[in-house]
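work29.tsv (TSV, C-alpha atoms)
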```tsv
chain	number	residue	atom	x	y	z
C	1	MET	CA	13.23	-18.15	28.24
C	2	LEU	CA	15.31	-20.71	26.34
C	3	LEU	CA	12.33	-21.42	24.07
C	4	LEU	CA	11.98	-17.73	23.30
C	5	CYS	CA	15.67	-17.55	22.40
C	6	LEU	CA	15.39	-20.59	20.17
C	7	ALA	CA	12.27	-19.16	18.53
C	8	GLY	CA	14.26	-16.06	17.70
C	9	LEU	CA	16.82	-18.23	15.90
C	10	ALA	CA	14.20	-20.04	13.83
C	11	PRO	CA	14.98	-19.64	10.11
C	12	ALA	CA	12.79	-17.22	8.19
C	13	HIS	CA	10.68	-18.88	5.55
C	14	ALA	CA	8.85	-17.54	2.53
C	15	LEU	CA	5.09	-17.23	2.69
C	16	GLN	CA	2.42	-16.82	0.06
C	17	LEU	CA	-1.21	-15.82	0.24
C	18	THR	CA	-3.95	-14.73	-2.13
C	19	ASP	CA	-5.67	-11.49	-1.13
C	20	ASP	CA	-9.27	-10.41	-1.74
C	21	ARG	CA	-8.38	-9.03	-5.18
C	22	GLY	CA	-7.35	-12.55	-6.18
C	23	VAL	CA	-3.72	-11.38	-6.29
C	24	SER	CA	-1.07	-13.83	-5.10
C	25	VAL	CA	1.41	-12.12	-2.79
C	26	THR	CA	4.78	-13.69	-1.97
C	27	LEU	CA	7.04	-12.49	0.83
C	28	ALA	CA	10.54	-13.75	1.64
C	29	GLN	CA	9.51	-13.92	5.31
C	30	SER	CA	6.73	-12.81	7.66
C	31	PRO	CA	6.69	-8.98	7.55
C	32	GLN	CA	8.18	-7.13	10.51
C	33	ARG	CA	7.23	-3.62	9.34
C	34	ILE	CA	3.52	-3.30	8.55
C	35	VAL	CA	1.45	-0.26	7.55
C	36	SER	CA	-2.29	-0.77	8.07
C	37	LEU	CA	-4.82	1.40	6.24
C	38	LEU	CA	-7.98	-0.19	7.66
C	39	PRO	CA	-8.98	-0.05	11.36
C	40	SER	CA	-10.33	-3.62	11.48
C	41	LEU	CA	-7.02	-4.91	10.09
C	42	THR	CA	-5.06	-2.83	12.61
C	43	GLU	CA	-7.16	-4.36	15.40
C	44	THR	CA	-6.67	-7.86	14.01
C	45	VAL	CA	-2.87	-7.53	13.97
C	46	CYS	CA	-2.97	-6.33	17.58
C	47	ALA	CA	-5.45	-9.03	18.66
C	48	MET	CA	-2.85	-11.54	17.46
C	49	GLU	CA	-0.41	-9.80	19.84
C	50	GLN	CA	1.69	-8.41	16.99
C	51	CYS	CA	1.03	-4.68	17.50
C	52	HIS	CA	4.79	-4.13	17.66
C	53	ARG	CA	5.07	-4.88	13.94
C	54	LEU	CA	2.90	-1.89	13.00
C	55	VAL	CA	4.94	1.14	11.86
C	56	GLY	CA	2.09	3.25	10.43
C	57	ILE	CA	-1.72	3.45	10.45
C	58	ASP	CA	-4.62	5.25	8.79
C	59	ARG	CA	-6.32	8.19	10.51
C	60	TYR	CA	-9.25	6.08	11.75
C	61	SER	CA	-7.21	3.34	13.46
C	62	ASN	CA	-7.54	4.10	17.18
C	63	HIS	CA	-7.68	0.74	18.97
C	64	PRO	CA	-5.95	-0.48	20.99
C	65	ALA	CA	-4.78	2.79	22.53
C	66	SER	CA	-1.12	1.93	21.91
C	67	VAL	CA	-1.51	2.44	18.14
C	68	LYS	CA	-2.33	6.13	18.63
C	69	SER	CA	1.38	6.87	19.01
C	70	LEU	CA	2.16	5.50	15.53
C	71	PRO	CA	2.69	7.70	12.44
C	72	VAL	CA	-0.61	8.44	10.66
C	73	VAL	CA	-0.41	8.18	6.87
C	74	GLY	CA	-3.83	9.55	5.84
C	75	GLY	CA	-7.02	7.61	5.21
C	76	GLY	CA	-7.63	4.27	3.58
C	77	LEU	CA	-9.03	5.94	0.46
C	78	ASP	CA	-6.60	8.90	0.41
C	79	PRO	CA	-3.32	7.71	1.93
C	80	ASN	CA	-0.13	9.76	1.82
C	81	ILE	CA	1.99	7.60	-0.49
C	82	GLU	CA	5.23	9.46	0.29
C	83	ALA	CA	4.70	9.02	4.05
C	84	ILE	CA	4.10	5.28	3.56
C	85	VAL	CA	7.24	4.86	1.42
C	86	ALA	CA	9.28	6.74	4.05
C	87	LEU	CA	8.30	4.13	6.67
C	88	LYS	CA	9.94	1.37	4.57
C	89	PRO	CA	7.16	-1.19	5.19
C	90	ASP	CA	7.57	-4.86	4.33
C	91	VAL	CA	3.86	-4.87	3.48
C	92	VAL	CA	0.84	-2.54	3.43
C	93	ILE	CA	-2.51	-4.04	4.41
C	94	LEU	CA	-5.57	-2.18	3.16
C	95	ALA	CA	-9.13	-2.48	1.87
C	96	THR	CA	-9.82	-3.72	-1.65
C	97	SER	CA	-11.67	-0.44	-2.23
C	98	SER	CA	-8.49	1.59	-1.63
C	99	ARG	CA	-7.08	3.23	-4.74
C	100	ALA	CA	-3.54	3.08	-3.34
C	101	SER	CA	-2.74	-0.55	-4.22
C	102	GLN	CA	-1.43	-0.06	-7.76
C	103	ARG	CA	0.53	3.07	-6.87
C	104	LEU	CA	2.24	1.34	-3.95
C	105	GLU	CA	2.97	-1.77	-6.00
C	106	SER	CA	4.47	0.36	-8.78
C	107	LEU	CA	6.92	1.65	-6.16
C	108	GLY	CA	7.92	-1.90	-5.24
C	109	ILE	CA	5.90	-2.12	-2.01
C	110	LYS	CA	4.05	-5.35	-1.25
C	111	VAL	CA	0.30	-4.91	-0.78
C	112	VAL	CA	-2.30	-7.25	0.73
C	113	ALA	CA	-5.89	-6.10	0.14
C	114	LEU	CA	-8.56	-7.56	2.43
C	115	GLU	CA	-12.13	-6.40	2.94
C	116	PRO	CA	-14.42	-8.36	5.26
C	117	LYS	CA	-18.14	-7.70	4.82
C	118	SER	CA	-19.73	-10.89	6.21
C	119	HIS	CA	-19.02	-13.30	9.08
C	120	ALA	CA	-17.43	-15.75	6.61
C	121	ASP	CA	-15.26	-12.90	5.28
C	122	VAL	CA	-14.14	-12.00	8.80
C	123	GLN	CA	-13.19	-15.60	9.53
C	124	ARG	CA	-11.26	-15.80	6.24
C	125	VAL	CA	-9.47	-12.47	6.81
C	126	LEU	CA	-8.45	-13.57	10.32
C	127	LYS	CA	-6.85	-16.65	8.74
C	128	LYS	CA	-5.06	-14.62	6.06
C	129	ILE	CA	-3.67	-12.16	8.61
C	130	GLY	CA	-2.60	-15.18	10.67
C	131	VAL	CA	-0.71	-16.55	7.64
C	132	LEU	CA	0.84	-13.13	6.99
C	133	LEU	CA	2.02	-12.86	10.60
C	134	ASP	CA	3.05	-16.54	10.71
C	135	ILE	CA	0.87	-17.13	13.78
C	136	PRO	CA	-0.44	-20.70	14.20
C	137	PRO	CA	-4.27	-20.83	13.81
C	138	ALA	CA	-4.76	-22.22	17.33
C	139	GLN	CA	-3.08	-19.11	18.78
C	140	GLY	CA	-4.40	-16.61	16.24
C	141	ALA	CA	-7.28	-16.90	13.78
C	142	ASP	CA	-9.10	-19.92	15.24
C	143	ARG	CA	-8.80	-18.59	18.79
C	144	LEU	CA	-10.17	-15.17	17.85
C	145	TRP	CA	-13.06	-16.59	15.80
C	146	ARG	CA	-14.02	-18.94	18.64
C	147	ILE	CA	-14.26	-15.94	21.00
C	148	ILE	CA	-16.40	-13.98	18.50
C	149	ASP	CA	-18.70	-16.94	17.80
C	150	ALA	CA	-19.19	-17.81	21.48
C	151	SER	CA	-19.82	-14.14	22.37
C	152	VAL	CA	-22.53	-13.75	19.71
C	153	SER	CA	-24.22	-16.91	21.00
C	154	ALA	CA	-24.01	-15.68	24.60
C	155	ALA	CA	-25.40	-12.28	23.60
C	156	ALA	CA	-28.34	-13.99	21.86
C	157	GLN	CA	-29.10	-15.92	25.07
C	158	SER	CA	-29.31	-12.64	26.99
C	159	ILE	CA	-32.21	-11.27	24.94
C	160	PRO	CA	-35.70	-11.69	26.48
C	161	PRO	CA	-38.26	-13.74	24.50
C	162	GLN	CA	-40.53	-10.71	23.94
C	163	ALA	CA	-37.75	-8.96	22.03
C	164	ARG	CA	-37.41	-11.79	19.50
C	165	ASN	CA	-38.43	-10.96	15.91
C	166	THR	CA	-38.19	-7.21	16.60
C	167	ARG	CA	-37.87	-5.46	13.23
C	168	VAL	CA	-34.62	-3.47	13.22
C	169	TYR	CA	-33.03	-0.80	11.03
C	170	PHE	CA	-29.28	-0.27	11.47
C	171	GLU	CA	-27.81	2.90	9.94
C	172	VAL	CA	-24.06	2.59	9.44
C	173	SER	CA	-23.41	6.14	8.23
C	174	ARG	CA	-25.01	9.15	6.63
C	175	GLY	CA	-26.48	8.67	3.20
C	176	PRO	CA	-28.24	6.82	4.69
C	177	TYR	CA	-26.07	3.72	4.34
C	178	ALA	CA	-27.69	0.71	5.99
C	179	ALA	CA	-26.43	-2.63	7.28
C	180	GLY	CA	-28.24	-5.27	5.22
C	181	GLU	CA	-28.94	-8.89	6.13
C	182	ALA	CA	-25.87	-9.94	4.10
C	183	SER	CA	-23.43	-7.80	6.12
C	184	PHE	CA	-21.53	-8.94	9.22
C	185	ILE	CA	-23.73	-6.55	11.26
C	186	GLY	CA	-26.87	-8.01	9.67
C	187	GLU	CA	-25.69	-11.57	10.31
C	188	THR	CA	-25.06	-10.72	13.97
C	189	LEU	CA	-28.57	-9.21	14.23
C	190	THR	CA	-30.03	-12.40	12.71
C	191	ARG	CA	-28.19	-14.52	15.27
C	192	LEU	CA	-29.53	-12.23	17.99
C	193	GLY	CA	-33.03	-13.24	16.90
C	194	VAL	CA	-34.27	-9.98	15.35
C	195	LYS	CA	-35.45	-9.16	11.82
C	196	ASN	CA	-33.45	-6.78	9.61
C	197	ILE	CA	-35.66	-4.57	7.42
C	198	ILE	CA	-32.88	-4.36	4.78
C	199	PRO	CA	-33.00	-7.59	2.71
C	200	ALA	CA	-29.84	-9.40	1.61
C	201	SER	CA	-30.81	-8.72	-2.01
C	202	LEU	CA	-29.82	-5.06	-1.59
C	203	GLY	CA	-26.22	-6.00	-0.72
C	204	PRO	CA	-24.22	-5.74	2.51
C	205	PHE	CA	-24.20	-1.95	2.97
C	206	PRO	CA	-26.60	-0.33	0.50
C	207	ARG	CA	-27.32	3.38	0.24
C	208	ILE	CA	-31.07	3.58	0.56
C	209	ASN	CA	-33.84	6.11	0.11
C	210	PRO	CA	-35.05	7.30	3.55
C	211	GLU	CA	-38.60	6.62	2.27
C	212	PHE	CA	-37.72	2.89	2.24
C	213	VAL	CA	-37.34	2.99	6.03
C	214	VAL	CA	-40.61	4.90	6.44
C	215	ARG	CA	-42.46	2.21	4.49
C	216	ALA	CA	-40.72	-0.62	6.37
C	217	ASN	CA	-41.68	1.03	9.70
C	218	PRO	CA	-39.10	-0.67	11.99
C	219	ASP	CA	-39.74	-1.30	15.70
C	220	LEU	CA	-36.16	-0.35	16.62
C	221	ILE	CA	-33.47	1.83	15.08
C	222	MET	CA	-29.73	1.61	15.76
C	223	VAL	CA	-27.53	4.44	14.56
C	224	GLY	CA	-24.06	5.90	15.03
C	225	SER	CA	-23.92	9.31	16.70
C	226	ARG	CA	-22.28	10.83	13.60
C	227	SER	CA	-25.40	9.92	11.61
C	228	MET	CA	-27.97	11.05	14.14
C	229	GLN	CA	-28.17	14.71	13.14
C	230	ALA	CA	-28.82	13.85	9.51
C	231	MET	CA	-31.33	11.18	10.46
C	232	ALA	CA	-33.46	13.69	12.38
C	233	THR	CA	-34.07	15.60	9.14
C	234	TYR	CA	-35.12	12.63	6.97
C	235	PRO	CA	-38.62	13.34	5.67
C	236	GLY	CA	-41.48	11.32	7.12
C	237	TRP	CA	-39.44	9.63	9.83
C	238	SER	CA	-41.55	11.13	12.60
C	239	SER	CA	-44.25	8.60	11.62
C	240	ILE	CA	-41.99	5.55	12.12
C	241	LYS	CA	-42.98	3.36	15.07
C	242	ALA	CA	-39.42	3.29	16.48
C	243	VAL	CA	-39.19	7.10	16.39
C	244	LYS	CA	-42.65	7.65	17.92
C	245	GLN	CA	-41.92	5.19	20.73
C	246	GLN	CA	-38.33	6.46	21.14
C	247	ARG	CA	-36.88	3.02	20.51
C	248	ILE	CA	-33.63	4.33	19.09
C	249	CYS	CA	-30.12	3.37	20.21
C	250	VAL	CA	-27.68	6.13	19.37
C	251	TYR	CA	-24.15	4.81	19.70
C	252	GLY	CA	-21.44	7.22	20.75
C	253	VAL	CA	-18.24	7.46	18.73
C	254	ASP	CA	-16.45	4.74	20.72
C	255	GLU	CA	-19.36	2.28	20.52
C	256	SER	CA	-19.89	3.10	16.83
C	257	ASP	CA	-16.28	2.15	16.14
C	258	VAL	CA	-16.89	-1.22	17.83
C	259	VAL	CA	-20.14	-2.12	16.06
C	260	VAL	CA	-19.19	-1.07	12.52
C	261	ARG	CA	-15.76	-2.74	12.36
C	262	PRO	CA	-15.59	-6.34	11.08
C	263	GLY	CA	-12.81	-7.66	13.28
C	264	PRO	CA	-11.89	-9.04	16.69
C	265	ARG	CA	-14.19	-6.64	18.56
C	266	MET	CA	-17.30	-8.21	16.99
C	267	ALA	CA	-17.62	-10.08	20.30
C	268	GLU	CA	-18.07	-6.76	22.09
C	269	ALA	CA	-20.30	-5.48	19.27
C	270	ALA	CA	-22.74	-8.37	19.80
C	271	ARG	CA	-23.05	-7.44	23.49
C	272	ILE	CA	-23.64	-3.77	22.66
C	273	MET	CA	-26.39	-4.61	20.16
C	274	ALA	CA	-27.96	-7.18	22.48
C	275	ASN	CA	-28.12	-4.56	25.28
C	276	CYS	CA	-29.94	-2.19	22.94
C	277	ILE	CA	-32.44	-4.87	21.84
C	278	ALA	CA	-33.08	-6.04	25.41
C	279	GLY	CA	-33.40	-2.49	26.74
C	280	LYS	CA	-35.54	-0.96	23.99
C	281	ALA	CA	-37.46	-3.84	22.40
C	282	GLY	CA	-37.72	-6.01	25.51
C	283	ALA	CA	-39.23	-3.17	27.55
C	284	GLY	CA	-42.72	-3.68	26.32
```

Rewrite the structure of this file - the entire thing - as structure tokens.
Amino acid sequence: MLLLCLAGLAPAHALQLTDDRGVSVTLAQSPQRIVSLLPSLTETVCAMEQCHRLVGIDRYSNHPASVKSLPVVGGGLDPNIEAIVALKPDVVILATSSRASQRLESLGIKVVALEPKSHADVQRVLKKIGVLLDIPPAQGADRLWRIIDASVSAAAQSIPPQARNTRVYFEVSRGPYAAGEASFIGETLTRLGVKNIIPASLGPFPRINPEFVVRANPDLIMVGSRSMQAMATYPGWSSIKAVKQQRICVYGVDESDVVVRPGPRMAEAARIMANCIAGKAGAG
């Protein structure tokens, strides 16, 4: 108890970090009022046991359950600027793709833009959020990454030998937008011992022609439930091996949120994907 009291008396100190835009952000002290406009960043703050600092979130942030009681300030791409300003945040954390950064900065609000797309990005973003929150790496970023890394390795060990080298197509969202080899999802699939039909050369999350998937003829398809209806209408897909053999894992909304978010729940995502591979590809 005494230590906690003393910690509370510790002098505030300025901190500086460079975000994913290459912008250097300086704060007089670690922010106590944070608005998060990206679900994976919301989850990262909470995984570092600092949920209490969040004062507003985007409409897609829904984990952990405690954040659902927070004010919602629109989406990451279309936030309600007035609602954010009214919350008097010390900092707003958002994706680099958000158009809100300049508007918020012009109003005197500090912005940190972070957008993880690969495993290395996730590890880096964990460290930057740790710096922002003034959480020592051993308690924050390093601890979380160790859990993710160990969980992916454990998930890989759970996959039967006959499922190795299964050719997989992962649809992230309608378009179709796919998870390529270069994405954090693709890198997890590689570590799980399967082959991604979307090469790294196409980028992390390319929009592809459905005909590309027909030609690639994957053994297994993973897809979010929101995408499934559109996928059923893609021309020529009835001839794909995975479709003919019903080797398709359709993730419900909750599981989709886990597997498509590059943050602390990547440990759980690896288990979900490994279960699909073992169940569908390892069956015969």

| Rounded to one decimal in Å, what is the spacing between atom CA of Val35 of chain C and atom CA of Thr18 of chain C? | 18.2 Å

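Excluding Pro218 of chain C and any residue on its chain fewer than 4 positions from it, the residues at most 9 Å away by all atoms listed in the file are Thr166, Arg167, Val168, Tyr169, Asn196, Ile197, Val213, Val214, Ile240, Lys241, Ala242 and Val243 of chain C.
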
| For the point (-26.0, -5.5, 3.5) in file coordinates, what residues are within 12 Å, counting all atoms listed in the file? Give the answer as number ranges by chain? | C: 117-119, 169-172, 177-189, 196-208

Got time to write the residues from that selection, C-alpha atoms, as a PDB file, in the coordinates of the input?
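Saved the output as again_30.pdb:
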```
ATOM      1  CA  LYS C 117     -18.140  -7.700   4.820  1.00  0.00           C
ATOM      2  CA  SER C 118     -19.730 -10.890   6.210  1.00  0.00           C
ATOM      3  CA  HIS C 119     -19.020 -13.300   9.080  1.00  0.00           C
ATOM      4  CA  TYR C 169     -33.030  -0.800  11.030  1.00  0.00           C
ATOM      5  CA  PHE C 170     -29.280  -0.270  11.470  1.00  0.00           C
ATOM      6  CA  GLU C 171     -27.810   2.900   9.940  1.00  0.00           C
ATOM      7  CA  VAL C 172     -24.060   2.590   9.440  1.00  0.00           C
ATOM      8  CA  TYR C 177     -26.070   3.720   4.340  1.00  0.00           C
ATOM      9  CA  ALA C 178     -27.690   0.710   5.990  1.00  0.00           C
ATOM     10  CA  ALA C 179     -26.430  -2.630   7.280  1.00  0.00           C
ATOM     11  CA  GLY C 180     -28.240  -5.270   5.220  1.00  0.00           C
ATOM     12  CA  GLU C 181     -28.940  -8.890   6.130  1.00  0.00           C
ATOM     13  CA  ALA C 182     -25.870  -9.940   4.100  1.00  0.00           C
ATOM     14  CA  SER C 183     -23.430  -7.800   6.120  1.00  0.00           C
ATOM     15  CA  PHE C 184     -21.530  -8.940   9.220  1.00  0.00           C
ATOM     16  CA  ILE C 185     -23.730  -6.550  11.260  1.00  0.00           C
ATOM     17  CA  GLY C 186     -26.870  -8.010   9.670  1.00  0.00           C
ATOM     18  CA  GLU C 187     -25.690 -11.570  10.310  1.00  0.00           C
ATOM     19  CA  THR C 188     -25.060 -10.720  13.970  1.00  0.00           C
ATOM     20  CA  LEU C 189     -28.570  -9.210  14.230  1.00  0.00           C
ATOM     21  CA  ASN C 196     -33.450  -6.780   9.610  1.00  0.00           C
ATOM     22  CA  ILE C 197     -35.660  -4.570   7.420  1.00  0.00           C
ATOM     23  CA  ILE C 198     -32.880  -4.360   4.780  1.00  0.00           C
ATOM     24  CA  PRO C 199     -33.000  -7.590   2.710  1.00  0.00           C
ATOM     25  CA  ALA C 200     -29.840  -9.400   1.610  1.00  0.00           C
ATOM     26  CA  SER C 201     -30.810  -8.720  -2.010  1.00  0.00           C
ATOM     27  CA  LEU C 202     -29.820  -5.060  -1.590  1.00  0.00           C
ATOM     28  CA  GLY C 203     -26.220  -6.000  -0.720  1.00  0.00           C
ATOM     29  CA  PRO C 204     -24.220  -5.740   2.510  1.00  0.00           C
ATOM     30  CA  PHE C 205     -24.200  -1.950   2.970  1.00  0.00           C
ATOM     31  CA  PRO C 206     -26.600  -0.330   0.500  1.00  0.00           C
ATOM     32  CA  ARG C 207     -27.320   3.380   0.240  1.00  0.00           C
ATOM     33  CA  ILE C 208     -31.070   3.580   0.560  1.00  0.00           C
TER      34      ILE C 208
END
```

| Distance in Å - atom CA of Ala113 of chain C versus atom CA of Ser101 of chain C | 7.7 Å

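Of the listed residues C:Val72, C:Met222, C:Leu27, C:Leu37, the one whose atoms come nearest to Asp90 of chain C is C:Leu27, with distances taken using all atoms listed in the file.
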
Could you rebuild segment 105-116 of chain C with N, CA, C and O atoms and give me the result as a PDB file, keeping the file's coordinate frame?
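out05.pdb, freshly written:
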```
ATOM      1  N   GLU C 105       2.307  -0.652  -5.332  1.00  0.00           N
ATOM      2  CA  GLU C 105       2.970  -1.770  -6.000  1.00  0.00           C
ATOM      3  C   GLU C 105       3.939  -1.286  -7.078  1.00  0.00           C
ATOM      4  O   GLU C 105       5.012  -1.879  -7.283  1.00  0.00           O
ATOM      5  N   SER C 106       3.579  -0.188  -7.752  1.00  0.00           N
ATOM      6  CA  SER C 106       4.470   0.360  -8.780  1.00  0.00           C
ATOM      7  C   SER C 106       5.767   0.893  -8.176  1.00  0.00           C
ATOM      8  O   SER C 106       6.771   1.033  -8.862  1.00  0.00           O
ATOM      9  N   LEU C 107       5.731   1.170  -6.876  1.00  0.00           N
ATOM     10  CA  LEU C 107       6.920   1.650  -6.160  1.00  0.00           C
ATOM     11  C   LEU C 107       7.670   0.504  -5.480  1.00  0.00           C
ATOM     12  O   LEU C 107       8.597   0.723  -4.706  1.00  0.00           O
ATOM     13  N   GLY C 108       7.220  -0.730  -5.767  1.00  0.00           N
ATOM     14  CA  GLY C 108       7.920  -1.900  -5.240  1.00  0.00           C
ATOM     15  C   GLY C 108       7.499  -2.311  -3.842  1.00  0.00           C
ATOM     16  O   GLY C 108       8.185  -3.103  -3.187  1.00  0.00           O
ATOM     17  N   ILE C 109       6.372  -1.779  -3.364  1.00  0.00           N
ATOM     18  CA  ILE C 109       5.900  -2.120  -2.010  1.00  0.00           C
ATOM     19  C   ILE C 109       4.855  -3.227  -2.104  1.00  0.00           C
ATOM     20  O   ILE C 109       3.917  -3.153  -2.907  1.00  0.00           O
ATOM     21  N   LYS C 110       5.000  -4.244  -1.278  1.00  0.00           N
ATOM     22  CA  LYS C 110       4.050  -5.350  -1.250  1.00  0.00           C
ATOM     23  C   LYS C 110       2.727  -4.883  -0.631  1.00  0.00           C
ATOM     24  O   LYS C 110       2.722  -4.154   0.374  1.00  0.00           O
ATOM     25  N   VAL C 111       1.634  -5.306  -1.230  1.00  0.00           N
ATOM     26  CA  VAL C 111       0.300  -4.910  -0.780  1.00  0.00           C
ATOM     27  C   VAL C 111      -0.567  -6.158  -0.592  1.00  0.00           C
ATOM     28  O   VAL C 111      -0.567  -7.060  -1.441  1.00  0.00           O
ATOM     29  N   VAL C 112      -1.298  -6.202   0.516  1.00  0.00           N
ATOM     30  CA  VAL C 112      -2.300  -7.250   0.730  1.00  0.00           C
ATOM     31  C   VAL C 112      -3.637  -6.555   0.978  1.00  0.00           C
ATOM     32  O   VAL C 112      -3.786  -5.809   1.945  1.00  0.00           O
ATOM     33  N   ALA C 113      -4.585  -6.746   0.056  1.00  0.00           N
ATOM     34  CA  ALA C 113      -5.890  -6.100   0.140  1.00  0.00           C
ATOM     35  C   ALA C 113      -6.928  -7.075   0.678  1.00  0.00           C
ATOM     36  O   ALA C 113      -7.127  -8.152   0.112  1.00  0.00           O
ATOM     37  N   LEU C 114      -7.569  -6.703   1.775  1.00  0.00           N
ATOM     38  CA  LEU C 114      -8.560  -7.560   2.430  1.00  0.00           C
ATOM     39  C   LEU C 114      -9.756  -6.717   2.837  1.00  0.00           C
ATOM     40  O   LEU C 114      -9.580  -5.626   3.388  1.00  0.00           O
ATOM     41  N   GLU C 115     -10.955  -7.197   2.573  1.00  0.00           N
ATOM     42  CA  GLU C 115     -12.130  -6.400   2.940  1.00  0.00           C
ATOM     43  C   GLU C 115     -13.270  -7.289   3.426  1.00  0.00           C
ATOM     44  O   GLU C 115     -14.083  -7.767   2.639  1.00  0.00           O
ATOM     45  N   PRO C 116     -13.349  -7.522   4.729  1.00  0.00           N
ATOM     46  CA  PRO C 116     -14.420  -8.360   5.260  1.00  0.00           C
ATOM     47  C   PRO C 116     -15.764  -7.631   5.310  1.00  0.00           C
ATOM     48  O   PRO C 116     -15.840  -6.514   5.801  1.00  0.00           O
TER      49      PRO C 116
END
```
